[in-house]
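Raw start07.cif, mmCIF, C-alpha atoms:
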data_input
#
loop_
_atom_site.label_atom_id
_atom_site.label_comp_id
_atom_site.auth_asym_id
_atom_site.auth_seq_id
_atom_site.Cartn_x
_atom_site.Cartn_y
_atom_site.Cartn_z
CA MET K 6 0.00 0.00 0.00
CA SER K 7 2.84 2.38 0.81
CA GLY K 8 4.41 1.62 -2.57
CA VAL K 9 1.18 2.54 -4.34
CA MET K 10 0.93 5.79 -2.37
CA LYS K 11 4.53 6.69 -3.20
CA ARG K 12 3.91 5.99 -6.88
CA MET K 13 0.74 8.10 -6.86
CA GLY K 14 2.62 10.90 -5.13
CA MET K 15 5.40 10.74 -7.71
CA ILE K 16 2.91 10.81 -10.58
CA PHE K 17 1.10 13.76 -9.02
CA ARG K 18 4.33 15.68 -8.50
CA ALA K 19 5.47 14.93 -12.06
CA LYS K 20 2.18 16.12 -13.54
CA ALA K 21 2.15 19.19 -11.30
CA ASN K 22 5.72 20.01 -12.30
CA LYS K 23 4.85 19.62 -15.98
CA ALA K 24 1.78 21.83 -15.59
CA LEU K 25 3.81 24.48 -13.74
CA ASP K 26 6.53 24.35 -16.37
CA ARG K 27 3.93 24.84 -19.11
CA ALA K 28 2.32 27.76 -17.25
CA GLU K 29 5.58 29.42 -16.23
CA ASP K 30 6.69 32.48 -18.19
CA PRO K 31 10.43 33.24 -17.74
CA ARG K 32 9.77 36.95 -18.17
CA GLU K 33 7.29 36.99 -15.31
CA THR K 34 9.71 34.99 -13.16
CA LEU K 35 12.52 37.47 -13.85
CA ASP K 36 10.28 40.43 -13.03
CA TYR K 37 9.23 38.77 -9.78
CA SER K 38 12.86 38.08 -8.83
CA TYR K 39 13.78 41.68 -9.61
CA GLN K 40 10.91 42.91 -7.46
CA LYS K 41 12.10 40.75 -4.55
CA GLN K 42 15.65 42.13 -4.91
CA LEU K 43 14.31 45.68 -4.86
CA GLU K 44 12.39 44.89 -1.68
CA LEU K 45 15.56 43.46 -0.10
CA LEU K 46 17.54 46.52 -1.15
CA GLN K 47 14.88 48.73 0.38
CA LYS K 48 15.12 46.81 3.66
CA VAL K 49 18.90 47.22 3.70
CA ARG K 50 18.57 50.94 3.08
CA ARG K 51 16.09 51.19 5.94
CA GLY K 52 18.54 49.34 8.15
CA VAL K 53 21.29 51.78 7.21
CA ALA K 54 18.95 54.68 7.96
CA ASP K 55 18.02 53.17 11.34
CA VAL K 56 21.68 52.66 12.28
CA ALA K 57 22.55 56.18 11.17
CA THR K 58 19.66 57.52 13.26
CA SER K 59 20.90 55.63 16.33
CA ARG K 60 24.43 56.88 15.75
CA LYS K 61 23.19 60.43 15.47
CA ARG K 62 21.23 60.07 18.70
CA LEU K 63 24.33 58.81 20.49
CA GLU K 64 26.31 61.74 19.18
CA LEU K 65 23.71 64.11 20.62
CA GLN K 66 23.84 62.33 23.98
CA LEU K 67 27.65 62.44 23.92
CA ASN K 68 27.65 66.13 23.23
CA GLN K 69 25.19 66.68 26.03
CA LEU K 70 27.21 64.59 28.53
CA GLN K 71 30.46 66.22 27.51
CA GLY K 72 28.85 69.60 28.06
CA GLN K 73 27.71 68.56 31.52
CA SER K 74 31.19 67.19 32.30
CA SER K 75 32.84 70.43 31.30
CA LYS K 76 30.34 72.36 33.41
CA LEU K 77 31.05 70.20 36.49
CA GLU K 78 34.76 70.66 35.98
CA ASP K 79 34.35 74.44 35.93
CA GLN K 80 32.14 74.31 39.01
CA GLY K 81 34.77 72.23 40.83
CA ARG K 82 37.47 74.73 39.92
CA LYS K 83 35.37 77.63 41.20
CA ALA K 84 34.48 75.79 44.43
CA LEU K 85 38.13 74.95 45.01
CA ALA K 86 39.09 78.57 44.40
CA LEU K 87 36.55 79.67 46.98
CA GLY K 88 37.90 77.18 49.51
CA ARG K 89 35.00 74.81 49.21
CA GLU K 90 36.93 71.63 48.75
CA ASP K 91 33.91 69.51 49.59
CA LEU K 92 31.91 71.06 46.77
CA ALA K 93 34.85 70.68 44.44
CA ARG K 94 35.14 66.99 45.40
CA GLU K 95 31.40 66.45 44.75
CA ALA K 96 31.59 68.15 41.37
CA LEU K 97 34.56 66.02 40.36
CA SER K 98 32.74 62.86 41.54
CA ARG K 99 29.73 63.68 39.37
CA ARG K 100 32.05 64.52 36.50
CA ALA K 101 33.71 61.10 36.84
CA ALA K 102 30.29 59.36 36.69
CA LEU K 103 29.39 61.33 33.56
CA GLN K 104 32.74 60.52 32.04
CA GLN K 105 32.02 56.80 32.45
CA GLN K 106 28.74 57.29 30.58
CA VAL K 107 30.58 59.21 27.90
CA THR K 108 33.04 56.36 27.52
CA ASP K 109 30.22 53.82 27.18
CA LEU K 110 28.41 56.00 24.63
CA GLU K 111 31.60 56.48 22.64
CA THR K 112 32.05 52.70 22.52
CA GLN K 113 28.46 52.28 21.27
CA HIS K 114 28.98 55.10 18.81
CA THR K 115 32.05 53.43 17.40
CA THR K 116 30.18 50.13 17.10
CA LEU K 117 27.21 51.76 15.38
CA GLN K 118 29.49 53.65 13.08
CA GLY K 119 31.17 50.41 12.04
CA GLU K 120 27.78 48.73 11.46
CA GLU K 121 26.64 51.71 9.48
CA GLU K 122 29.69 51.52 7.25
CA LYS K 123 29.18 47.79 6.73
CA LEU K 124 25.50 48.21 5.90
CA THR K 125 26.27 51.11 3.60
CA LEU K 126 28.86 49.02 1.76
CA ALA K 127 26.44 46.07 1.58
CA ALA K 128 23.70 48.37 0.25
CA GLN K 129 26.05 49.68 -2.42
CA ARG K 130 27.04 46.16 -3.45
CA LEU K 131 23.42 45.04 -3.46
CA GLN K 132 22.49 48.08 -5.52
CA ALA K 133 25.17 47.17 -8.05
CA LYS K 134 23.90 43.58 -8.19
CA VAL K 135 20.32 44.75 -8.61
CA ASP K 136 21.33 47.08 -11.43
CA ALA K 137 23.29 44.29 -13.12
CA PHE K 138 20.35 41.90 -12.66
CA ARG K 139 17.97 44.46 -14.14
CA THR K 140 20.17 44.85 -17.22
CA LYS K 141 20.51 41.09 -17.59
CA LYS K 142 16.79 40.65 -16.98
CA GLU K 143 15.86 43.04 -19.75
CA THR K 144 18.35 41.38 -22.08
CA ILE K 145 16.97 37.91 -21.34
CA LYS K 146 13.39 39.13 -21.73
CA ALA K 147 14.16 40.74 -25.08
CA THR K 148 15.97 37.61 -26.27
CA TYR K 149 13.13 35.37 -25.08
CA THR K 150 10.51 37.55 -26.77
CA ALA K 151 12.47 37.56 -30.02
CA ALA K 152 12.97 33.78 -29.87
CA GLN K 153 9.27 33.28 -29.13
CA ALA K 154 8.26 35.47 -32.05
CA GLN K 155 10.74 33.71 -34.35
CA THR K 156 9.42 30.33 -33.22
CA ARG K 157 5.82 31.35 -33.89
CA ILE K 158 6.74 32.67 -37.33
CA GLY K 159 8.61 29.46 -38.12
CA GLU K 160 5.69 27.35 -36.92
CA ALA K 161 3.29 29.43 -38.99
CA PHE K 162 5.41 28.97 -42.13
CA SER K 163 5.88 25.27 -41.51
CA GLY K 164 2.23 24.77 -40.56
CA ILE K 165 2.97 23.03 -37.26
CA SER K 166 1.56 25.72 -35.01
CA GLU K 167 -1.74 25.08 -33.25
CA GLU K 168 -3.63 27.78 -35.16
CA MET K 169 -2.20 26.86 -38.55
CA GLY K 170 -2.65 23.18 -37.72
CA ASP K 171 -6.37 23.77 -37.18
CA VAL K 172 -6.56 25.66 -40.49
CA GLY K 173 -4.69 22.86 -42.27
CA LEU K 174 -6.99 20.23 -40.80
CA ALA K 175 -10.05 22.22 -41.87
CA ILE K 176 -8.71 22.51 -45.42
CA GLN K 177 -7.87 18.81 -45.48
CA ARG K 178 -11.36 17.87 -44.28
CA ALA K 179 -12.94 20.14 -46.90
CA GLU K 180 -10.80 18.61 -49.65
CA ASP K 181 -11.63 15.08 -48.47
CA LYS K 182 -15.38 15.82 -48.42
CA THR K 183 -15.20 17.42 -51.86
CA ALA K 184 -13.32 14.46 -53.30
CA GLN K 185 -15.79 12.06 -51.67
CA LEU K 186 -18.77 13.93 -53.15
CA GLN K 187 -17.15 14.05 -56.57
CA ALA K 188 -16.43 10.32 -56.44
CA ARG K 189 -20.01 9.58 -55.34
CA ALA K 190 -21.47 11.73 -58.12
CA GLY K 191 -19.26 10.03 -60.71
CA ALA K 192 -20.19 6.59 -59.44
CA ILE K 193 -23.91 7.39 -59.57
CA ASP K 194 -23.57 8.69 -63.14
CA GLU K 195 -21.77 5.52 -64.18
CA LEU K 196 -24.39 3.32 -62.52
CA LEU K 197 -27.24 5.21 -64.16
CA ALA K 198 -25.51 5.04 -67.53
CA SER K 199 -24.98 1.29 -67.20
CA GLY K 200 -28.57 0.70 -66.11
CA ALA K 201 -27.58 -0.71 -62.74
CA LEU K 202 -29.72 1.98 -61.10
CA ASP K 203 -33.21 3.03 -62.18
CA ASP K 204 -33.94 6.69 -62.61
CA GLN K 205 -37.11 7.26 -60.58
CA SER K 206 -37.75 10.55 -62.28
CA GLY K 207 -37.79 8.92 -65.72
CA MET K 208 -35.71 11.70 -67.22
CA ALA K 209 -32.23 10.27 -67.23
CA LYS K 210 -31.42 7.59 -69.85
CA ASP K 211 -28.37 5.56 -70.54
CA ASP K 212 -26.41 5.76 -73.81
CA ILE K 213 -28.08 2.73 -75.43
CA ALA K 214 -31.59 3.98 -74.67
CA ALA K 215 -30.73 7.41 -76.00
CA GLU K 216 -29.32 5.91 -79.20
CA LEU K 217 -32.36 3.70 -79.64
CA ASP K 218 -34.67 6.66 -79.13
CA ARG K 219 -32.71 8.63 -81.69
CA ILE K 220 -32.86 5.81 -84.23
CA SER K 221 -36.54 5.16 -83.60
CA GLY K 222 -37.29 8.86 -83.84
CA GLY K 223 -35.45 9.04 -87.17
CA THR K 224 -37.26 5.93 -88.42
CA ASP K 225 -40.65 7.40 -87.55
CA VAL K 226 -39.83 10.52 -89.51
CA GLU K 227 -38.69 8.47 -92.50
CA LEU K 228 -41.80 6.33 -92.33
CA GLU K 229 -44.00 9.43 -92.19
CA LEU K 230 -42.21 10.86 -95.21
CA GLN K 231 -42.63 7.61 -97.13
CA ARG K 232 -46.33 7.51 -96.25
CA MET K 233 -46.86 11.06 -97.35
CA LYS K 234 -44.99 10.35 -100.59
CA ALA K 235 -47.08 7.25 -101.12
CA GLU K 236 -50.28 9.21 -100.55
CA LEU K 237 -49.15 11.90 -102.91
CA ALA K 238 -48.12 9.30 -105.49
CA GLY K 239 -51.39 7.41 -105.05
CA GLY K 240 -53.50 10.56 -105.52
CA THR K 241 -51.67 11.48 -108.72
CA SER K 242 -52.15 7.98 -110.22
CA SER K 243 -55.90 8.00 -109.46
CA SER K 244 -56.36 11.36 -111.13
CA GLN K 245 -54.47 10.28 -114.18
CA GLN K 246 -56.43 7.01 -114.31
CA ALA K 247 -59.72 8.93 -114.01
CA ILE K 248 -58.71 11.31 -116.78
CA GLU K 249 -57.57 8.47 -119.02
CA GLY K 250 -60.74 6.50 -118.30
CA GLY K 251 -62.91 9.45 -119.25
CA GLN K 252 -61.08 9.95 -122.51
CA GLN K 253 -61.39 6.28 -123.47
CA SER K 254 -65.14 6.20 -122.72
CA GLY K 255 -65.68 9.30 -124.80
CA GLN K 256 -63.90 7.76 -127.70
CA GLN K 257 -65.87 4.58 -127.36
CA SER K 258 -69.22 6.43 -127.27
CA GLY K 259 -68.23 8.45 -130.29
CA GLN K 260 -67.36 5.36 -132.21
CA ALA K 261 -70.63 3.77 -131.17
CA GLN K 262 -72.77 6.73 -132.25
CA GLN K 263 -71.14 7.25 -135.63
CA PRO K 264 -72.67 4.20 -137.36
CA GLN K 265 -76.12 5.18 -136.17
CA ASP K 266 -75.84 8.70 -137.60
CA THR K 267 -74.60 7.54 -140.89
CA PRO K 268 -77.76 5.68 -141.90
CA ARG K 269 -79.75 8.75 -140.95
CA PHE K 270 -77.82 10.86 -143.34
CA ASP K 271 -78.23 8.17 -145.97
CA LYS K 272 -81.95 8.12 -145.55
CA GLN K 273 -82.22 11.81 -146.15
#
What's the structure tokens form of this structure?
Amino acid sequence: MSGVMKRMGMIFRAKANKALDRAEDPRETLDYSYQKQLELLQKVRRGVADVATSRKRLELQLNQLQGQSSKLEDQGRKALALGREDLAREALSRRAALQQQVTDLETQHTTLQGEEEKLTLAAQRLQAKVDAFRTKKETIKATYTAAQAQTRIGEAFSGISEEMGDVGLAIQRAEDKTAQLQARAGAIDELLASGALDDQSGMAKDDIAAELDRISGGTDVELELQRMKAELAGGTSSSQQAIEGGQQSGQQSGQAQQPQDTPRFDKQ
């Protein structure tokens, strides 16, 4: 069970790492790092300012204590001049206590001054590193942007980009559908021409039927012409026969009447 959990954890981490790597933009990462360095530099500068403020406060306290020490020394001198040795001794005792405080403050002042110098030097070095990082960051960002643009242009020309790939697939699908429709239309025409499929509309005919219709149509015309010629020829023959028959009957009646008339003329 533990082995399965370890394997699932490894798979999850691998997929999460891959997803983060896909979502990560180096330019955003560089900007974020630069922002963090600026924040760190700002903190160092604040530290330098705080140390300098503490040092300045110690200097004011030192000046104040030194002024009080000088005043007590003068008061002791005056008391001793007036014969007040007890007052002079008290003034010198107070001056000694103030001098111990001055010594302690001078030690702290020296320490703060050293820390201030170190922090100032560190701030200057950090500032130089931040400036160098900013220059390098901008250079890397410009190079990355140029490389990204060049890659997109190359992918667009080669047709392997996601957008151009979708366009290419759409064109390929359109060409495939067009070729399929053309092949189907050609196959249907061939089947109709061969008679394998019946035309339900009754309009389309194959080549043989069209040729037969053409021949039969031509034959009907020829037959009609022959019939009309025959009718015309038959009408002409009947008329001629009627005319010839009339002429022959006239001749025959004339020949028959002539012998009858002749005896009449003889009788007269």
Residues within 10 Å of Glu64 (chain K), all atoms listed in the file, excluding chain neighbours under 5 positions, as a PyMOL selection string:
chain K and resi 58-59+69-70+110-111+113-114
Hey, can you spit out that residue selection with C-alpha atoms as a PDB file, keeping the file's coordinate frame?
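Now in selection.pdb:
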ATOM      1  CA  THR K  58      19.660  57.520  13.260  1.00  0.00           C
ATOM      2  CA  SER K  59      20.900  55.630  16.330  1.00  0.00           C
ATOM      3  CA  GLN K  69      25.190  66.680  26.030  1.00  0.00           C
ATOM      4  CA  LEU K  70      27.210  64.590  28.530  1.00  0.00           C
ATOM      5  CA  LEU K 110      28.410  56.000  24.630  1.00  0.00           C
ATOM      6  CA  GLU K 111      31.600  56.480  22.640  1.00  0.00           C
ATOM      7  CA  GLN K 113      28.460  52.280  21.270  1.00  0.00           C
ATOM      8  CA  HIS K 114      28.980  55.100  18.810  1.00  0.00           C
TER       9      HIS K 114
END
Which residues come within 12 Å of region 90-102 of chain K, counting all atoms listed in the file, excluding same-chain residues fewer than 2 positions away, as a compact mmCIF listing (two decimals) with C-alpha atoms, in the coordinates of the input?
# COMPACT_ATOMS: atom_id res chain seq x y z
CA LEU K 70 27.21 64.59 28.53
CA GLN K 71 30.46 66.22 27.51
CA GLY K 72 28.85 69.60 28.06
CA GLN K 73 27.71 68.56 31.52
CA SER K 74 31.19 67.19 32.30
CA SER K 75 32.84 70.43 31.30
CA LYS K 76 30.34 72.36 33.41
CA LEU K 77 31.05 70.20 36.49
CA GLU K 78 34.76 70.66 35.98
CA ASP K 79 34.35 74.44 35.93
CA GLN K 80 32.14 74.31 39.01
CA GLY K 81 34.77 72.23 40.83
CA ARG K 82 37.47 74.73 39.92
CA LYS K 83 35.37 77.63 41.20
CA ALA K 84 34.48 75.79 44.43
CA LEU K 85 38.13 74.95 45.01
CA ALA K 86 39.09 78.57 44.40
CA LEU K 87 36.55 79.67 46.98
CA GLY K 88 37.90 77.18 49.51
CA GLN K 104 32.74 60.52 32.04
CA GLN K 105 32.02 56.80 32.45
CA GLN K 106 28.74 57.29 30.58
CA VAL K 107 30.58 59.21 27.90
CA THR K 108 33.04 56.36 27.52
CA ASP K 109 30.22 53.82 27.18
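You will find CA of Leu46 (chain K) at 6.5 Å from CA of Leu131 (chain K).
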Distance of CA of Glu44 (chain K) from CA of Ala57 (chain K), expressed in Å to one decimal place
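Taking CA of Ala57 (chain K) and CA of Glu44 (chain K), their separation equals 19.9 Å.
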Using only C-alpha atoms, which residue out of K:Lys48, K:Arg62, K:Lys134, K:Lys20 lies closest to Leu117 (chain K)?
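Among K:Lys48, K:Arg62, K:Lys134, K:Lys20, it is K:Arg62 that comes nearest to Leu117 (chain K).
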Between CA of Phe162 (chain K) and CA of Asp181 (chain K) lies a distance of 22.9 Å
In terms of all atoms listed in the file, the residue from K:Leu35, K:Ala54, K:Ala147, K:Leu186 at minimal distance from Gln118 (chain K) is K:Ala54
Name every residue that the PyMOL selection byres ((chain K and resi 33) around 12) selects in this structure, writing the answer as a list in words with chains first and numbers rising.
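Selection result, ordered by chain and number: Ala28, Glu29, Asp30, Pro31, Arg32, Thr34, Leu35, Asp36, Tyr37, Ser38, Tyr39, Gln40, Lys142, Glu143, Ile145, Lys146, Tyr149 and Thr150 of chain K.
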May I have the centre and edge lengths, in Å to one decimal, of an axis-aligned box around the listed atoms of region 27-46 of chain K with 4 Å added to every side, as JSON?
{"center_x": 9.9, "center_y": 35.7, "center_z": -9.6, "size_x": 23.2, "size_y": 29.7, "size_z": 27.0}
Taking all heavy atoms as the atom set, what does region 105-116 of chain K look like once completed, written as a PDB file, in the coordinates of the input?
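Wrote it out as part_39.pdb, contents follow:
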ATOM      1  N   GLN K 105      32.218  58.238  32.716  1.00  0.00           N
ATOM      2  CA  GLN K 105      32.020  56.800  32.450  1.00  0.00           C
ATOM      3  C   GLN K 105      30.896  56.587  31.438  1.00  0.00           C
ATOM      4  O   GLN K 105      31.004  55.749  30.538  1.00  0.00           O
ATOM      5  CB  GLN K 105      31.686  56.080  33.775  1.00  0.00           C
ATOM      6  CG  GLN K 105      31.543  54.581  33.644  1.00  0.00           C
ATOM      7  CD  GLN K 105      32.813  53.892  33.174  1.00  0.00           C
ATOM      8  OE1 GLN K 105      33.928  54.310  33.588  1.00  0.00           O
ATOM      9  NE2 GLN K 105      32.688  52.865  32.361  1.00  0.00           N
ATOM     10  N   GLN K 106      29.825  57.377  31.555  1.00  0.00           N
ATOM     11  CA  GLN K 106      28.740  57.290  30.580  1.00  0.00           C
ATOM     12  C   GLN K 106      29.202  57.717  29.182  1.00  0.00           C
ATOM     13  O   GLN K 106      28.819  57.116  28.178  1.00  0.00           O
ATOM     14  CB  GLN K 106      27.564  58.158  31.029  1.00  0.00           C
ATOM     15  CG  GLN K 106      26.875  57.658  32.300  1.00  0.00           C
ATOM     16  CD  GLN K 106      25.713  58.541  32.700  1.00  0.00           C
ATOM     17  OE1 GLN K 106      25.293  59.423  31.963  1.00  0.00           O
ATOM     18  NE2 GLN K 106      25.170  58.310  33.907  1.00  0.00           N
ATOM     19  N   VAL K 107      30.054  58.755  29.180  1.00  0.00           N
ATOM     20  CA  VAL K 107      30.580  59.210  27.900  1.00  0.00           C
ATOM     21  C   VAL K 107      31.416  58.128  27.245  1.00  0.00           C
ATOM     22  O   VAL K 107      31.338  57.884  26.028  1.00  0.00           O
ATOM     23  CB  VAL K 107      31.398  60.501  28.096  1.00  0.00           C
ATOM     24  CG1 VAL K 107      32.175  60.839  26.827  1.00  0.00           C
ATOM     25  CG2 VAL K 107      30.490  61.646  28.481  1.00  0.00           C
ATOM     26  N   THR K 108      32.195  57.435  28.069  1.00  0.00           N
ATOM     27  CA  THR K 108      33.040  56.360  27.520  1.00  0.00           C
ATOM     28  C   THR K 108      32.177  55.238  26.939  1.00  0.00           C
ATOM     29  O   THR K 108      32.444  54.721  25.842  1.00  0.00           O
ATOM     30  CB  THR K 108      33.945  55.804  28.618  1.00  0.00           C
ATOM     31  OG1 THR K 108      34.759  56.872  29.164  1.00  0.00           O
ATOM     32  CG2 THR K 108      34.855  54.727  28.074  1.00  0.00           C
ATOM     33  N   ASP K 109      31.116  54.865  27.671  1.00  0.00           N
ATOM     34  CA  ASP K 109      30.220  53.820  27.180  1.00  0.00           C
ATOM     35  C   ASP K 109      29.528  54.246  25.870  1.00  0.00           C
ATOM     36  O   ASP K 109      29.412  53.459  24.915  1.00  0.00           O
ATOM     37  CB  ASP K 109      29.180  53.489  28.240  1.00  0.00           C
ATOM     38  CG  ASP K 109      29.803  52.843  29.474  1.00  0.00           C
ATOM     39  OD1 ASP K 109      30.933  52.310  29.356  1.00  0.00           O
ATOM     40  OD2 ASP K 109      29.166  52.889  30.551  1.00  0.00           O
ATOM     41  N   LEU K 110      29.077  55.515  25.838  1.00  0.00           N
ATOM     42  CA  LEU K 110      28.410  56.000  24.630  1.00  0.00           C
ATOM     43  C   LEU K 110      29.379  56.084  23.454  1.00  0.00           C
ATOM     44  O   LEU K 110      28.987  55.815  22.302  1.00  0.00           O
ATOM     45  CB  LEU K 110      27.782  57.368  24.895  1.00  0.00           C
ATOM     46  CG  LEU K 110      26.554  57.364  25.812  1.00  0.00           C
ATOM     47  CD1 LEU K 110      26.083  58.799  26.053  1.00  0.00           C
ATOM     48  CD2 LEU K 110      25.428  56.538  25.217  1.00  0.00           C
ATOM     49  N   GLU K 111      30.609  56.433  23.722  1.00  0.00           N
ATOM     50  CA  GLU K 111      31.600  56.480  22.640  1.00  0.00           C
ATOM     51  C   GLU K 111      31.859  55.095  22.070  1.00  0.00           C
ATOM     52  O   GLU K 111      32.036  54.914  20.855  1.00  0.00           O
ATOM     53  CB  GLU K 111      32.891  57.095  23.155  1.00  0.00           C
ATOM     54  CG  GLU K 111      32.814  58.598  23.385  1.00  0.00           C
ATOM     55  CD  GLU K 111      34.109  59.173  23.922  1.00  0.00           C
ATOM     56  OE1 GLU K 111      34.975  58.349  24.313  1.00  0.00           O
ATOM     57  OE2 GLU K 111      34.238  60.400  23.972  1.00  0.00           O
ATOM     58  N   THR K 112      31.867  54.087  23.001  1.00  0.00           N
ATOM     59  CA  THR K 112      32.050  52.700  22.520  1.00  0.00           C
ATOM     60  C   THR K 112      30.867  52.288  21.635  1.00  0.00           C
ATOM     61  O   THR K 112      31.051  51.706  20.553  1.00  0.00           O
ATOM     62  CB  THR K 112      32.170  51.748  23.725  1.00  0.00           C
ATOM     63  OG1 THR K 112      33.264  52.166  24.556  1.00  0.00           O
ATOM     64  CG2 THR K 112      32.402  50.335  23.254  1.00  0.00           C
ATOM     65  N   GLN K 113      29.642  52.599  22.089  1.00  0.00           N
ATOM     66  CA  GLN K 113      28.460  52.280  21.270  1.00  0.00           C
ATOM     67  C   GLN K 113      28.471  53.053  19.944  1.00  0.00           C
ATOM     68  O   GLN K 113      28.085  52.523  18.900  1.00  0.00           O
ATOM     69  CB  GLN K 113      27.191  52.603  22.060  1.00  0.00           C
ATOM     70  CG  GLN K 113      26.982  51.709  23.280  1.00  0.00           C
ATOM     71  CD  GLN K 113      25.729  52.067  24.043  1.00  0.00           C
ATOM     72  OE1 GLN K 113      24.930  52.899  23.596  1.00  0.00           O
ATOM     73  NE2 GLN K 113      25.537  51.445  25.212  1.00  0.00           N
ATOM     74  N   HIS K 114      28.913  54.281  20.021  1.00  0.00           N
ATOM     75  CA  HIS K 114      28.980  55.100  18.810  1.00  0.00           C
ATOM     76  C   HIS K 114      29.933  54.497  17.797  1.00  0.00           C
ATOM     77  O   HIS K 114      29.652  54.450  16.595  1.00  0.00           O
ATOM     78  CB  HIS K 114      29.387  56.519  19.185  1.00  0.00           C
ATOM     79  CG  HIS K 114      29.462  57.431  18.011  1.00  0.00           C
ATOM     80  ND1 HIS K 114      30.626  57.613  17.278  1.00  0.00           N
ATOM     81  CD2 HIS K 114      28.513  58.207  17.408  1.00  0.00           C
ATOM     82  CE1 HIS K 114      30.405  58.468  16.301  1.00  0.00           C
ATOM     83  NE2 HIS K 114      29.127  58.854  16.356  1.00  0.00           N
ATOM     84  N   THR K 115      31.073  54.052  18.302  1.00  0.00           N
ATOM     85  CA  THR K 115      32.050  53.430  17.400  1.00  0.00           C
ATOM     86  C   THR K 115      31.492  52.160  16.764  1.00  0.00           C
ATOM     87  O   THR K 115      31.658  51.905  15.564  1.00  0.00           O
ATOM     88  CB  THR K 115      33.340  53.101  18.173  1.00  0.00           C
ATOM     89  OG1 THR K 115      33.851  54.297  18.773  1.00  0.00           O
ATOM     90  CG2 THR K 115      34.386  52.511  17.250  1.00  0.00           C
ATOM     91  N   THR K 116      30.772  51.370  17.608  1.00  0.00           N
ATOM     92  CA  THR K 116      30.180  50.130  17.100  1.00  0.00           C
ATOM     93  C   THR K 116      29.113  50.442  16.043  1.00  0.00           C
ATOM     94  O   THR K 116      29.080  49.821  14.965  1.00  0.00           O
ATOM     95  CB  THR K 116      29.561  49.330  18.235  1.00  0.00           C
ATOM     96  OG1 THR K 116      30.576  49.043  19.222  1.00  0.00           O
ATOM     97  CG2 THR K 116      28.982  48.035  17.728  1.00  0.00           C
TER      98      THR K 116
END
